[in-house]
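Novice: Structure in structure tokens, see below.
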Amino acid sequence: MPGMHGRGAATLRCALAIAVAGCASGGEPEASGKAPETVNGALSSPPSRTGTDAGAHATGEHAAAIFTSVQADRGRTAFDADCSDCHTTSEFRGRAFQSTWGRRTVYSFYRDLRSTMPDDNPGSLEEDTYLDVVSFILSINGHAAGPAELDANSPMRKVRMAPPGLDP
């Protein structure tokens with residue numbers, strides 16, 4: 001960026017990449033209309049007190065606890081190692097983050113993260129590192145950890161980035 005150097009320019013490029021990715025995908029919620037996810041015949045996570053779950057926003061789908069606490073901890077470590085030169089955790093939670101990402105799916109966030117980060121070499125991290133960072137972001141946004149790690153076969157297209165009880 002002309003007139004900007006170092007971390008400020010990198011942060012601005014990262015923010016612009018995320019904003020452009022949001023615009024390119026239309027930022028609309030992804031809905032499949034499929035039945036709730038189950039594990040051994042039971043819902044993957046219990047219904048919330050409000051009667052809606054994270055990811056259920058107008059879709060009728062139940063949120064699955066799609067990452068483990070160990071994975072989220074690895075994601076924090078990876079975030080500190082690979083992301084913190086340009087980003088702070090506060091960028092990935094709160095009102096501004098939820099207004100951009102809350103109605104979008106975990107898969108949409110994962111796809112954009114993997115295709116745009118790190119800024120100087122997009123897609124260069126191991127897939128597990130991206131999945132761990134996404135798990136960390138979910139955890140700092142109030143999603144509950146569960147028994148299974150987030151992986152390529154997780155129901156990422158069915159779970160929204162918004163935490164339980166939040167209607168962005």
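The chains in the structure tokens are called A, B, ... from first to last as shown; in each chain the residues are counted from 1, and the ligands are counted from 1 in the order shown.
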List as JSON lines every residue of region 133-167 of chain A that is in contact with region 78-100 of chain A, defined as an atom at most 7 Å from one of its atoms (using only C-alpha atoms), together with the nearest atom pair and the distance in Å rounded to one decimal, sorted by chain and then rising number.
Specialist:
{"residue": "A:Val133", "atom": "CA", "partner": "A:Phe79", "partner_atom": "CA", "distance": 6.1}
{"residue": "A:Ile137", "atom": "CA", "partner": "A:Phe92", "partner_atom": "CA", "distance": 6.5}
{"residue": "A:Ile140", "atom": "CA", "partner": "A:Arg93", "partner_atom": "CA", "distance": 6.8}
{"residue": "A:Asn141", "atom": "CA", "partner": "A:Arg93", "partner_atom": "CA", "distance": 5.7}
{"residue": "A:Ala162", "atom": "CA", "partner": "A:Gln98", "partner_atom": "CA", "distance": 6.3}
Novice: Hey, what's within 10 Å of Glu126 (chain A) if we count only C-alpha atoms and toss same-chain stuff fewer than 5 positions away? As an mmCIF file with N, CA, C and O atoms, in the first residue's frame, please?
Specialist:
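Result file part_38.cif:
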data_model
loop_
_atom_site.group_PDB
_atom_site.id
_atom_site.type_symbol
_atom_site.label_atom_id
_atom_site.label_comp_id
_atom_site.auth_asym_id
_atom_site.auth_seq_id
_atom_site.Cartn_x
_atom_site.Cartn_y
_atom_site.Cartn_z
ATOM 1 N N ARG A 114 -7.973 -20.171 4.194
ATOM 2 C CA ARG A 114 -6.989 -21.001 3.495
ATOM 3 C C ARG A 114 -6.548 -20.372 2.172
ATOM 4 O O ARG A 114 -5.398 -20.509 1.771
ATOM 5 N N LEU A 131 -7.314 -25.776 9.997
ATOM 6 C CA LEU A 131 -8.438 -26.327 10.751
ATOM 7 C C LEU A 131 -8.305 -26.015 12.245
ATOM 8 O O LEU A 131 -9.300 -25.683 12.906
ATOM 9 N N ASP A 132 -7.099 -26.091 12.769
ATOM 10 C CA ASP A 132 -6.869 -25.759 14.177
ATOM 11 C C ASP A 132 -7.166 -24.287 14.440
ATOM 12 O O ASP A 132 -7.800 -23.945 15.444
#
Novice: As an exercise, work out the distance from CA of Trp101 (chain A) to CA of Ser124 (chain A) in Å and give it to one decimal place.
Specialist: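 These two atoms are separated by 23.1 Å.
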Novice: Do you know which residues are at most 7 Å from His143 (chain A) counting only C-alpha atoms, after dropping those on the same chain fewer than 2 positions away, and could you put them as a PDB file with N, CA and C atoms, in the first residue's frame?
Specialist:
ATOM      1  N   LEU A 138     -13.586 -20.395  16.440  1.00  0.00           N
ATOM      2  CA  LEU A 138     -14.901 -20.831  16.912  1.00  0.00           C
ATOM      3  C   LEU A 138     -14.963 -20.786  18.438  1.00  0.00           C
ATOM      4  N   SER A 139     -13.902 -21.247  19.090  1.00  0.00           N
ATOM      5  CA  SER A 139     -13.912 -21.300  20.554  1.00  0.00           C
ATOM      6  C   SER A 139     -13.956 -19.902  21.169  1.00  0.00           C
ATOM      7  N   ASN A 141     -15.372 -17.452  20.001  1.00  0.00           N
ATOM      8  CA  ASN A 141     -16.678 -16.892  19.698  1.00  0.00           C
ATOM      9  C   ASN A 141     -17.804 -17.590  20.450  1.00  0.00           C
ATOM     10  N   ALA A 145     -16.793 -26.946  22.477  1.00  0.00           N
ATOM     11  CA  ALA A 145     -15.985 -28.043  21.946  1.00  0.00           C
ATOM     12  C   ALA A 145     -16.751 -29.349  22.115  1.00  0.00           C
ATOM     13  N   PRO A 163     -21.933 -17.573  17.342  1.00  0.00           N
ATOM     14  CA  PRO A 163     -22.030 -18.455  18.505  1.00  0.00           C
ATOM     15  C   PRO A 163     -23.473 -18.736  18.880  1.00  0.00           C
ATOM     16  N   PRO A 164     -23.701 -19.745  19.700  1.00  0.00           N
ATOM     17  CA  PRO A 164     -25.059 -20.069  20.128  1.00  0.00           C
ATOM     18  C   PRO A 164     -25.738 -18.849  20.761  1.00  0.00           C
TER      19      PRO A 164
END
Novice: Determine the nearest neighbour of Tyr130 (chain A) from the options A:Phe109, A:Lys158, A:Arg104, A:Gly146, counting only C-alpha atoms.
Specialist: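 Looking only at the distances to Tyr130 (chain A), the closest residue turns out to be A:Phe109.
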Novice: Just give me the gap between CA of Val159 (chain A) and CA of Asn121 (chain A) in Å, one decimal is fine.
Specialist: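 Between these atoms lies a distance of 27.8 Å.
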Novice: Would you please work out which residue, of A:Leu113, A:Asp151, A:Met161, A:Phe136, is nearest to Gln71 (chain A) when using only C-alpha atoms?
Specialist: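 Smallest separation from Gln71 (chain A) among the options: A:Phe136.
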Novice: Do you have the CA of Gly142 (chain A)-CA of Arg111 (chain A) distance handy?
Specialist: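 Straight-line distance from CA of Gly142 (chain A) to CA of Arg111 (chain A) works out to 20.7 Å.
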